[in-house]
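File shown here: run.cif, holding mmCIF, C-alpha atoms.
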data_run
loop_
_atom_site.group_PDB
_atom_site.id
_atom_site.type_symbol
_atom_site.label_atom_id
_atom_site.label_comp_id
_atom_site.auth_asym_id
_atom_site.auth_seq_id
_atom_site.Cartn_x
_atom_site.Cartn_y
_atom_site.Cartn_z
ATOM 1 C CA MET A 1 93.483 -1.072 112.603
ATOM 2 C CA SER A 2 89.896 -2.364 112.427
ATOM 3 C CA ALA A 3 88.451 -3.669 109.162
ATOM 4 C CA GLU A 4 86.066 -0.705 108.980
ATOM 5 C CA ASN A 5 88.860 1.848 109.444
ATOM 6 C CA LEU A 6 91.031 -0.001 106.922
ATOM 7 C CA HIS A 7 88.180 0.059 104.424
ATOM 8 C CA GLY A 8 87.635 3.788 104.940
ATOM 9 C CA GLN A 9 91.329 4.544 104.517
ATOM 10 C CA ALA A 10 91.398 2.468 101.340
ATOM 11 C CA ILE A 11 88.477 4.453 99.896
ATOM 12 C CA ARG A 12 90.230 7.749 100.634
ATOM 13 C CA ALA A 13 93.433 6.464 99.037
ATOM 14 C CA LEU A 14 91.597 5.331 95.883
ATOM 15 C CA VAL A 15 89.762 8.650 95.586
ATOM 16 C CA PHE A 16 93.152 10.380 95.790
ATOM 17 C CA CYS A 17 94.483 8.040 93.073
ATOM 18 C CA THR A 18 91.520 8.974 90.908
ATOM 19 C CA ALA A 19 92.289 12.664 91.403
ATOM 20 C CA MET A 20 95.890 12.064 90.279
ATOM 21 C CA TRP A 21 94.691 10.278 87.132
ATOM 22 C CA ALA A 22 92.269 13.135 86.464
ATOM 23 C CA LEU A 23 95.227 15.518 86.644
ATOM 24 C CA SER A 24 96.849 13.574 83.815
ATOM 25 C CA PHE A 25 94.185 14.681 81.282
ATOM 26 C CA PRO A 26 94.987 18.435 81.275
ATOM 27 C CA ALA A 27 98.679 17.627 81.723
ATOM 28 C CA MET A 28 98.719 15.334 78.666
ATOM 29 C CA LYS A 29 96.701 17.830 76.616
ATOM 30 C CA ALA A 30 99.136 20.627 77.483
ATOM 31 C CA LEU A 31 102.079 18.341 76.743
ATOM 32 C CA ALA A 32 100.655 17.473 73.308
ATOM 33 C CA LEU A 33 100.270 21.180 72.469
ATOM 34 C CA GLU A 34 103.825 21.886 73.601
ATOM 35 C CA GLN A 35 105.223 18.970 71.588
ATOM 36 C CA HIS A 36 103.456 20.052 68.413
ATOM 37 C CA LYS A 37 105.434 23.294 68.728
ATOM 38 C CA LEU A 38 108.653 21.267 68.955
ATOM 39 C CA LEU A 39 107.823 18.701 66.239
ATOM 40 C CA PRO A 40 104.965 20.061 64.087
ATOM 41 C CA ASP A 41 105.202 17.248 61.515
ATOM 42 C CA ALA A 42 105.105 14.320 63.949
ATOM 43 C CA GLY A 43 101.940 12.223 64.340
ATOM 44 C CA SER A 44 99.801 11.808 67.444
ATOM 45 C CA TRP A 45 100.606 8.082 67.661
ATOM 46 C CA PHE A 46 104.301 8.911 68.027
ATOM 47 C CA PHE A 47 103.704 11.473 70.778
ATOM 48 C CA THR A 48 101.314 9.170 72.639
ATOM 49 C CA SER A 49 103.430 6.013 72.494
ATOM 50 C CA LEU A 50 106.613 7.924 73.349
ATOM 51 C CA GLY A 51 104.833 9.590 76.262
ATOM 52 C CA VAL A 52 103.684 6.220 77.625
ATOM 53 C CA LEU A 53 107.201 4.801 77.198
ATOM 54 C CA TYR A 54 108.882 7.696 79.027
ATOM 55 C CA ARG A 55 106.151 8.093 81.637
ATOM 56 C CA PHE A 56 105.910 4.456 82.737
ATOM 57 C CA GLY A 57 109.589 3.718 82.122
ATOM 58 C CA ALA A 58 110.737 6.606 84.327
ATOM 59 C CA ALA A 59 108.140 5.720 86.976
ATOM 60 C CA GLY A 60 109.307 2.100 86.965
ATOM 61 C CA LEU A 61 112.944 3.125 87.332
ATOM 62 C CA LEU A 62 112.066 5.403 90.274
ATOM 63 C CA LEU A 63 110.268 2.559 92.040
ATOM 64 C CA LEU A 64 113.197 0.299 91.219
ATOM 65 C CA LEU A 65 115.586 2.673 93.005
ATOM 66 C CA PHE A 66 113.384 2.960 96.096
ATOM 67 C CA ASN A 67 112.564 -0.751 96.188
ATOM 68 C CA VAL A 68 115.858 -2.337 95.145
ATOM 69 C CA SER A 69 116.379 -4.354 98.358
ATOM 70 C CA ALA A 70 112.909 -5.920 98.275
ATOM 71 C CA LEU A 71 113.233 -6.697 94.557
ATOM 72 C CA LYS A 72 116.204 -8.930 95.329
ATOM 73 C CA THR A 73 113.722 -11.387 96.840
ATOM 74 C CA ILE A 74 110.901 -10.918 94.320
ATOM 75 C CA SER A 75 108.691 -14.008 94.150
ATOM 76 C CA ARG A 76 107.402 -15.803 91.083
ATOM 77 C CA ARG A 77 103.820 -14.715 91.861
ATOM 78 C CA GLU A 78 104.851 -11.073 92.242
ATOM 79 C CA MET A 79 106.539 -11.252 88.857
ATOM 80 C CA GLU A 80 103.497 -13.021 87.408
ATOM 81 C CA GLN A 81 101.055 -10.424 88.752
ATOM 82 C CA GLY A 82 103.223 -7.520 87.592
ATOM 83 C CA LEU A 83 103.498 -8.880 84.049
ATOM 84 C CA ALA A 84 99.760 -9.607 83.889
ATOM 85 C CA LEU A 85 98.954 -6.067 85.081
ATOM 86 C CA ALA A 86 101.367 -4.687 82.465
ATOM 87 C CA PHE A 87 99.651 -6.700 79.728
ATOM 88 C CA PHE A 88 96.168 -5.482 80.658
ATOM 89 C CA GLY A 89 97.340 -1.904 81.323
ATOM 90 C CA ALA A 90 99.278 -1.518 78.077
ATOM 91 C CA GLY A 91 96.546 -3.248 76.084
ATOM 92 C CA GLY A 92 93.900 -0.957 77.541
ATOM 93 C CA ILE A 93 95.897 2.183 76.789
ATOM 94 C CA LEU A 94 96.734 1.178 73.206
ATOM 95 C CA PHE A 95 93.215 0.034 72.274
ATOM 96 C CA GLN A 96 91.798 3.200 73.830
ATOM 97 C CA MET A 97 94.225 5.388 71.857
ATOM 98 C CA ASP A 98 93.565 3.702 68.518
ATOM 99 C CA GLY A 99 89.817 3.618 69.109
ATOM 100 C CA LEU A 100 89.809 7.348 69.801
ATOM 101 C CA ALA A 101 90.935 7.931 66.197
ATOM 102 C CA TYR A 102 87.733 6.296 64.906
ATOM 103 C CA THR A 103 85.079 7.592 67.292
ATOM 104 C CA LEU A 104 84.092 10.741 69.136
ATOM 105 C CA ALA A 105 85.965 11.682 72.300
ATOM 106 C CA SER A 106 82.649 11.792 74.181
ATOM 107 C CA THR A 107 81.793 8.251 73.074
ATOM 108 C CA SER A 108 85.264 7.051 74.062
ATOM 109 C CA ALA A 109 84.929 8.636 77.517
ATOM 110 C CA PHE A 110 81.569 6.925 78.025
ATOM 111 C CA LEU A 111 82.581 3.458 76.777
ATOM 112 C CA THR A 112 85.869 3.488 78.704
ATOM 113 C CA GLN A 113 83.884 3.565 81.953
ATOM 114 C CA GLY A 114 82.244 0.291 80.907
ATOM 115 C CA TYR A 115 84.292 -1.513 83.536
ATOM 116 C CA CYS A 116 81.842 -0.312 86.193
ATOM 117 C CA LEU A 117 79.324 -2.594 84.434
ATOM 118 C CA PHE A 118 81.709 -5.417 83.426
ATOM 119 C CA ILE A 119 83.090 -5.935 86.944
ATOM 120 C CA PRO A 120 79.779 -6.622 88.759
ATOM 121 C CA LEU A 121 78.696 -8.840 85.834
ATOM 122 C CA TRP A 122 81.904 -10.855 86.125
ATOM 123 C CA VAL A 123 81.574 -11.114 89.916
ATOM 124 C CA ALA A 124 77.945 -12.221 89.523
ATOM 125 C CA LEU A 125 78.944 -14.935 87.022
ATOM 126 C CA VAL A 126 81.819 -16.203 89.180
ATOM 127 C CA ASN A 127 79.791 -16.222 92.390
ATOM 128 C CA ARG A 128 76.579 -17.312 90.615
ATOM 129 C CA ARG A 129 74.736 -14.582 92.443
ATOM 130 C CA CYS A 130 73.030 -11.446 91.151
ATOM 131 C CA PRO A 131 74.515 -8.072 92.178
ATOM 132 C CA SER A 132 72.819 -6.439 95.155
ATOM 133 C CA LEU A 133 70.206 -3.750 94.613
ATOM 134 C CA LYS A 134 72.670 -1.151 95.939
ATOM 135 C CA ILE A 135 75.345 -2.164 93.385
ATOM 136 C CA PHE A 136 72.747 -2.232 90.605
ATOM 137 C CA LEU A 137 71.470 1.280 91.396
ATOM 138 C CA SER A 138 74.983 2.684 91.885
ATOM 139 C CA THR A 139 76.071 1.275 88.519
ATOM 140 C CA LEU A 140 73.051 2.761 86.740
ATOM 141 C CA LEU A 141 73.679 6.168 88.344
ATOM 142 C CA VAL A 142 77.352 6.087 87.328
ATOM 143 C CA LEU A 143 76.565 5.114 83.732
ATOM 144 C CA ALA A 144 73.945 7.861 83.519
ATOM 145 C CA GLY A 145 76.359 10.398 85.005
ATOM 146 C CA VAL A 146 79.175 9.497 82.610
ATOM 147 C CA ALA A 147 76.746 9.628 79.657
ATOM 148 C CA VAL A 148 75.674 13.134 80.682
ATOM 149 C CA LEU A 149 79.281 14.283 81.233
ATOM 150 C CA ALA A 150 80.388 12.886 77.880
ATOM 151 C CA ASN A 151 77.318 14.327 76.131
ATOM 152 C CA VAL A 152 76.761 11.054 74.289
ATOM 153 C CA ASN A 153 74.264 11.234 71.411
ATOM 154 C CA PHE A 154 72.589 7.819 71.420
ATOM 155 C CA HIS A 155 70.632 8.642 68.249
ATOM 156 C CA SER A 156 73.851 8.777 66.219
ATOM 157 C CA PHE A 157 75.642 6.076 68.220
ATOM 158 C CA LYS A 158 77.035 3.200 66.167
ATOM 159 C CA LEU A 159 79.214 0.215 66.984
ATOM 160 C CA GLY A 160 82.120 0.594 64.583
ATOM 161 C CA ARG A 161 85.855 0.014 64.863
ATOM 162 C CA GLY A 162 86.434 2.853 67.311
ATOM 163 C CA GLU A 163 83.606 1.807 69.612
ATOM 164 C CA LEU A 164 84.648 -1.864 69.558
ATOM 165 C CA GLU A 165 88.274 -1.018 70.320
ATOM 166 C CA THR A 166 87.213 1.235 73.195
ATOM 167 C CA LEU A 167 85.077 -1.569 74.634
ATOM 168 C CA ILE A 168 88.091 -3.896 74.359
ATOM 169 C CA ALA A 169 90.125 -1.266 76.222
ATOM 170 C CA SER A 170 87.500 -1.152 78.958
ATOM 171 C CA LEU A 171 87.608 -4.956 79.225
ATOM 172 C CA MET A 172 91.401 -4.774 79.575
ATOM 173 C CA PHE A 173 91.050 -2.215 82.374
ATOM 174 C CA THR A 174 88.484 -4.567 83.959
ATOM 175 C CA GLY A 175 91.079 -7.331 83.970
ATOM 176 C CA GLN A 176 93.585 -4.978 85.583
ATOM 177 C CA ILE A 177 91.172 -4.115 88.411
ATOM 178 C CA LEU A 178 90.146 -7.752 88.979
ATOM 179 C CA LEU A 179 93.780 -8.894 89.146
ATOM 180 C CA LEU A 180 94.307 -6.756 92.230
ATOM 181 C CA GLU A 181 91.459 -8.600 93.976
ATOM 182 C CA ASN A 182 92.604 -12.112 93.020
ATOM 183 C CA PRO A 183 93.289 -14.085 96.246
ATOM 184 C CA ARG A 184 96.123 -15.900 94.449
ATOM 185 C CA TYR A 185 98.182 -12.704 94.834
ATOM 186 C CA ALA A 186 97.040 -11.684 98.337
ATOM 187 C CA ALA A 187 100.510 -12.136 99.859
ATOM 188 C CA ASN A 188 102.329 -10.211 97.116
ATOM 189 C CA ARG A 189 104.272 -7.069 98.032
ATOM 190 C CA SER A 190 102.811 -4.133 96.134
ATOM 191 C CA GLY A 191 106.160 -2.408 95.588
ATOM 192 C CA ASN A 192 107.558 -5.425 93.766
ATOM 193 C CA PHE A 193 104.717 -6.137 91.358
ATOM 194 C CA SER A 194 104.129 -2.404 90.809
ATOM 195 C CA THR A 195 107.722 -2.004 89.598
ATOM 196 C CA VAL A 196 107.341 -4.936 87.203
ATOM 197 C CA MET A 197 104.000 -3.559 85.972
ATOM 198 C CA LEU A 198 105.306 -0.062 85.200
ATOM 199 C CA LEU A 199 108.457 -1.277 83.447
ATOM 200 C CA GLY A 200 106.400 -3.885 81.578
ATOM 201 C CA ILE A 201 103.980 -1.263 80.197
ATOM 202 C CA ALA A 202 106.938 0.811 78.982
ATOM 203 C CA LEU A 203 108.542 -2.159 77.230
ATOM 204 C CA LEU A 204 105.270 -3.173 75.557
ATOM 205 C CA CYS A 205 104.981 0.345 74.055
ATOM 206 C CA LEU A 206 108.552 0.312 72.722
ATOM 207 C CA PRO A 207 107.656 -1.365 69.367
ATOM 208 C CA LEU A 208 105.020 1.307 68.679
ATOM 209 C CA VAL A 209 107.554 4.072 69.301
ATOM 210 C CA TRP A 210 109.982 2.377 66.914
ATOM 211 C CA ALA A 211 107.276 2.070 64.248
ATOM 212 C CA THR A 212 106.086 5.687 64.451
ATOM 213 C CA ALA A 213 109.312 7.630 65.130
ATOM 214 C CA SER A 214 110.991 9.405 62.232
ATOM 215 C CA GLY A 215 114.344 8.766 63.918
ATOM 216 C CA ALA A 216 116.097 8.573 67.274
ATOM 217 C CA ALA A 217 116.593 12.344 67.329
ATOM 218 C CA ALA A 218 112.814 12.888 67.328
ATOM 219 C CA CYS A 219 112.537 11.029 70.651
ATOM 220 C CA LEU A 220 114.795 13.675 72.196
ATOM 221 C CA ARG A 221 113.375 16.714 70.393
ATOM 222 C CA ALA A 222 109.849 15.863 71.633
ATOM 223 C CA TYR A 223 111.001 16.842 75.148
ATOM 224 C CA ALA A 224 113.523 19.535 74.245
ATOM 225 C CA SER A 225 111.897 22.286 76.325
ATOM 226 C CA PRO A 226 111.545 22.981 80.062
ATOM 227 C CA ALA A 227 107.744 22.936 79.749
ATOM 228 C CA ALA A 228 107.678 19.480 78.118
ATOM 229 C CA CYS A 229 110.073 18.073 80.726
ATOM 230 C CA GLY A 230 108.094 19.675 83.560
ATOM 231 C CA LEU A 231 104.781 18.238 82.333
ATOM 232 C CA LEU A 232 106.381 14.823 81.921
ATOM 233 C CA ALA A 233 107.676 15.057 85.505
ATOM 234 C CA VAL A 234 104.129 15.766 86.759
ATOM 235 C CA LEU A 235 102.841 12.729 84.856
ATOM 236 C CA VAL A 236 105.627 10.493 86.144
ATOM 237 C CA VAL A 237 105.587 11.469 89.827
ATOM 238 C CA PHE A 238 101.950 12.312 90.592
ATOM 239 C CA CYS A 239 99.902 10.504 87.929
ATOM 240 C CA THR A 240 101.975 7.312 87.778
ATOM 241 C CA VAL A 241 104.317 6.609 90.702
ATOM 242 C CA ILE A 242 102.035 7.926 93.453
ATOM 243 C CA ALA A 243 98.719 6.960 91.829
ATOM 244 C CA TYR A 244 99.573 3.403 90.790
ATOM 245 C CA THR A 245 101.540 2.624 93.939
ATOM 246 C CA LEU A 246 98.591 3.656 96.120
ATOM 247 C CA MET A 247 96.131 1.824 93.866
ATOM 248 C CA ASN A 248 98.117 -1.427 94.014
ATOM 249 C CA LEU A 249 98.560 -1.104 97.780
ATOM 250 C CA TRP A 250 95.016 -0.159 98.822
ATOM 251 C CA GLN A 251 92.616 -1.622 96.263
ATOM 252 C CA ARG A 252 92.891 -5.060 97.858
ATOM 253 C CA HIS A 253 90.964 -3.684 100.858
ATOM 254 C CA VAL A 254 87.797 -2.977 98.836
ATOM 255 C CA SER A 255 85.885 -5.136 96.385
ATOM 256 C CA ALA A 256 86.639 -4.862 92.663
ATOM 257 C CA THR A 257 83.066 -3.690 92.045
ATOM 258 C CA GLU A 258 83.420 -0.921 94.599
ATOM 259 C CA ALA A 259 86.800 0.114 93.194
ATOM 260 C CA GLY A 260 85.401 0.313 89.654
ATOM 261 C CA LEU A 261 82.634 2.664 90.765
ATOM 262 C CA ILE A 262 85.072 4.847 92.732
ATOM 263 C CA TYR A 263 87.312 5.176 89.676
ATOM 264 C CA CYS A 264 84.365 6.590 87.724
ATOM 265 C CA ILE A 265 84.809 9.806 89.730
ATOM 266 C CA GLU A 266 87.757 10.483 87.411
ATOM 267 C CA PRO A 267 85.817 12.334 84.648
ATOM 268 C CA VAL A 268 84.141 14.520 87.290
ATOM 269 C CA ILE A 269 87.465 15.605 88.807
ATOM 270 C CA ALA A 270 88.975 16.025 85.329
ATOM 271 C CA SER A 271 86.086 18.298 84.349
ATOM 272 C CA VAL A 272 86.544 20.420 87.483
ATOM 273 C CA LEU A 273 90.304 20.732 86.888
ATOM 274 C CA ALA A 274 89.610 21.786 83.289
ATOM 275 C CA LEU A 275 87.800 24.871 84.621
ATOM 276 C CA PHE A 276 91.050 26.527 85.748
ATOM 277 C CA LEU A 277 94.153 24.375 85.167
ATOM 278 C CA PRO A 278 94.490 24.921 81.362
ATOM 279 C CA GLY A 279 94.882 28.668 81.913
ATOM 280 C CA TRP A 280 97.635 28.106 84.474
ATOM 281 C CA LEU A 281 99.433 25.650 82.188
ATOM 282 C CA SER A 282 99.108 28.016 79.216
ATOM 283 C CA HIS A 283 100.669 30.877 81.175
ATOM 284 C CA TRP A 284 103.505 28.663 82.397
ATOM 285 C CA SER A 285 104.357 26.906 79.110
ATOM 286 C CA ASP A 286 103.300 29.598 76.587
ATOM 287 C CA ILE A 287 100.667 27.508 74.796
ATOM 288 C CA ASN A 288 97.077 28.252 73.768
ATOM 289 C CA TYR A 289 94.961 26.014 76.028
ATOM 290 C CA ALA A 290 91.710 27.622 77.140
ATOM 291 C CA ASN A 291 89.814 26.884 80.353
ATOM 292 C CA GLU A 292 86.508 25.061 80.016
ATOM 293 C CA GLN A 293 83.248 26.538 81.307
ATOM 294 C CA LEU A 294 81.018 25.370 84.142
ATOM 295 C CA THR A 295 77.901 23.867 82.554
ATOM 296 C CA LEU A 296 74.660 22.266 83.649
ATOM 297 C CA ARG A 297 75.951 19.025 82.106
ATOM 298 C CA LEU A 298 78.949 19.016 84.465
ATOM 299 C CA LEU A 299 76.757 19.673 87.507
ATOM 300 C CA LEU A 300 74.197 17.004 86.565
ATOM 301 C CA GLY A 301 76.661 14.337 85.422
ATOM 302 C CA GLY A 302 79.008 14.934 88.326
ATOM 303 C CA GLY A 303 76.072 14.954 90.723
ATOM 304 C CA LEU A 304 74.832 11.560 89.521
ATOM 305 C CA ILE A 305 78.278 9.971 89.910
ATOM 306 C CA THR A 306 78.723 11.542 93.346
ATOM 307 C CA VAL A 307 75.302 10.290 94.486
ATOM 308 C CA ALA A 308 76.219 6.803 93.238
ATOM 309 C CA ASN A 309 79.382 6.709 95.350
ATOM 310 C CA VAL A 310 77.636 8.159 98.405
ATOM 311 C CA LEU A 311 74.997 5.444 98.036
ATOM 312 C CA LEU A 312 77.722 2.829 97.681
ATOM 313 C CA GLN A 313 79.360 3.863 100.971
ATOM 314 C CA SER A 314 76.091 4.297 102.890
ATOM 315 C CA ARG A 315 74.242 1.616 104.822
ATOM 316 C CA TRP A 316 71.098 2.190 102.795
ATOM 317 C CA LEU A 317 69.700 -0.886 101.008
ATOM 318 C CA GLU A 318 72.003 -3.185 102.964
ATOM 319 C CA PRO A 319 70.391 -6.392 104.256
ATOM 320 C CA ARG A 320 69.461 -6.191 107.896
ATOM 321 C CA ARG A 321 71.509 -8.240 110.285
ATOM 322 C CA VAL A 322 69.533 -10.817 112.170
ATOM 323 C CA GLU A 323 70.586 -10.924 115.804
ATOM 324 C CA SER A 324 70.770 -14.378 117.301
#
Written as structure tokens, how would this file's structure read?
Amino acid sequence: MSAENLHGQAIRALVFCTAMWALSFPAMKALALEQHKLLPDAGSWFFTSLGVLYRFGAAGLLLLLFNVSALKTISRREMEQGLALAFFGAGGILFQMDGLAYTLASTSAFLTQGYCLFIPLWVALVNRRCPSLKIFLSTLLVLAGVAVLANVNFHSFKLGRGELETLIASLMFTGQILLLENPRYAANRSGNFSTVMLLGIALLCLPLVWATASGAAACLRAYASPAACGLLAVLVVFCTVIAYTLMNLWQRHVSATEAGLIYCIEPVIASVLALFLPGWLSHWSDINYANEQLTLRLLLGGGLITVANVLLQSRWLEPRRVES
């Protein structure tokens, strides 16, 4: 396969990954509503940490079963990369969750996408070269699109605990994306380090579950309905096993900067899914989760992010090749 075809296939795979992560937002919202029916007195931290533990733990065990022969020969660098990805992934999730308790959801959504700015800045510092005009314009368009989608009010914006923790989360996600580009790990087998990563994230969330659970029985009652188990299965199979396996396999074929901008499509797809999926989930699981409405903000914000990614993949603003 030519480098150009490989690059195109990688982009399609990463867009699909982004769609799977976007699916996780309505699925997690529906799961939270279902669990509050099962355990009305439990706190959100317990539900969130338990969900991460079960979701990534089950996903890691599934990969372990399918990859058991290769894991017998796991290398030190595959283990190292998997543990580093688990550290950045778990840290990003936990800082994002805690920050959300101290800031608006719209502000959190905007600041979380900060990695599309952090990555080109890091690459520019490492390479001692300014980002290209195309990368600069694409990044500005993405930031503007996310700001419109999140409906951020910059007049009331402040940098408090929630905002700082969300920025830390975005930095952790930046580290996760950059680790997949690191040439030190170019020969690593994605199935091996992906298994270590998923199991590592689950283990890192275990202390938080222990600290927030009212008892061992609560960990079972939180999923004591077919709807809760079904939503967890969607999160495990589609939003974790498939999404992260494809991400870890294909991201190495695009630059980290390009990957970060592609991942910013996530809020657009999540907004589109929210137009119809909550109603389906409500009917299936007997919860009250209303569909969102199509708004000018969704069209404008989504349009800006889409234009940014089209620009990124086009040949416009690329330096002309000088024929010898």
Determine, for each residue of region 158-227 of chain A having at least one atom at most 9 Å from an atom of region 112-135 of chain A, the closest pair of atoms and their separation in Å to one decimal, counting all atoms listed in the file; order by chain and ascending number, as a Markdown table.
| residue | atom | partner | partner_atom | distance |
| --- | --- | --- | --- | --- |
| A:Thr166 | CA | A:Thr112 | CA | 6.1 |
| A:Leu167 | CA | A:Thr112 | CA | 6.5 |
| A:Ile168 | CA | A:Thr112 | CA | 8.9 |
| A:Ala169 | CA | A:Thr112 | CA | 6.8 |
| A:Ser170 | CA | A:Thr112 | CA | 4.9 |
| A:Leu171 | CA | A:Tyr115 | CA | 6.4 |
| A:Met172 | CA | A:Tyr115 | CA | 8.8 |
| A:Phe173 | CA | A:Tyr115 | CA | 6.9 |
| A:Thr174 | CA | A:Tyr115 | CA | 5.2 |
| A:Gly175 | CA | A:Ile119 | CA | 8.6 |
| A:Ile177 | CA | A:Ile119 | CA | 8.4 |
| A:Leu178 | CA | A:Ile119 | CA | 7.6 |
From the list A:Phe47, A:Val310, A:Leu164, A:Tyr263, which residue is nearest Glu34 (chain A) when using all atoms listed in the file?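 Between A:Phe47, A:Val310, A:Leu164, A:Tyr263, the residue approaching Glu34 (chain A) most closely is A:Phe47.
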Close residues, Asp98 (chain A) itself excluded, 12 Å, only C-alpha atoms, min 5 positions apart in chain, as a PyMOL selection string: chain A and resi 44-46+48-49+91-93+103-105+108+161-169+208
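Near Ala233 (chain A), within 10 Å and counting all atoms listed in the file, sit A:Tyr54, A:Arg55, A:Ala58, A:Ala59, A:Ala227, A:Ala228, A:Cys229, A:Val237, A:Phe238, A:Cys239, A:Thr240, not including residues fewer than 4 positions from it in the same chain.
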Long-range neighbours of Arg221 (chain A) as a ChimeraX atom specification, 9 Å cut-off, all atoms listed in the file, 2 positions minimum in chain: /A:35,38-39,217-219,223-225
Give me, as CSV, each residue of region 49-112 of chain A that comes within 10 Å of region 180-185 of chain A, together with its shortest interatomic pair and the distance in Å at one decimal, counting only C-alpha atoms, with rows ordered by chain and rising residue number.
residue,atom,partner,partner_atom,distance
A:Arg77,CA,A:Tyr185,CA,6.7
A:Glu78,CA,A:Tyr185,CA,7.3
A:Glu80,CA,A:Tyr185,CA,9.1
A:Gln81,CA,A:Tyr185,CA,7.1
A:Leu85,CA,A:Leu180,CA,8.6
What is the CA of Gln293 (chain A) to CA of Leu231 (chain A) distance in Å?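 Atom-to-atom, CA of Gln293 (chain A) to CA of Leu231 (chain A), that is 23.1 Å.
For the set A:His7, A:Ala144, A:Pro26, A:Thr245, the residue with the smallest atom-to-atom gap to Glu292 (chain A) is A:Pro26, counting only C-alpha atoms.
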Atomic distance CA of Ile269 (chain A) - CA of Ala308 (chain A), expressed in Å with one decimal: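 Distance between the two atoms: 15.0 Å.
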List the residues selected by the PyMOL selection byres ((chain A and resi 90) around 9) in the file shown, writing them as a list of chain:residue names. A:Val52, A:Leu85, A:Ala86, A:Phe87, A:Phe88, A:Gly89, A:Gly91, A:Gly92, A:Ile93, A:Leu94, A:Phe95, A:Met172, A:Gly200, A:Ile201, A:Ala202, A:Leu204, A:Cys205
Work out how far apart CA of Leu179 (chain A) and CA of His253 (chain A) are and give it in Å to one decimal. 13.1 Å
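In this comparison, which uses all atoms listed in the file, the residue of A:Leu6, A:Leu83, A:Val209, A:Leu246 approaching Gly51 (chain A) most closely is A:Val209.
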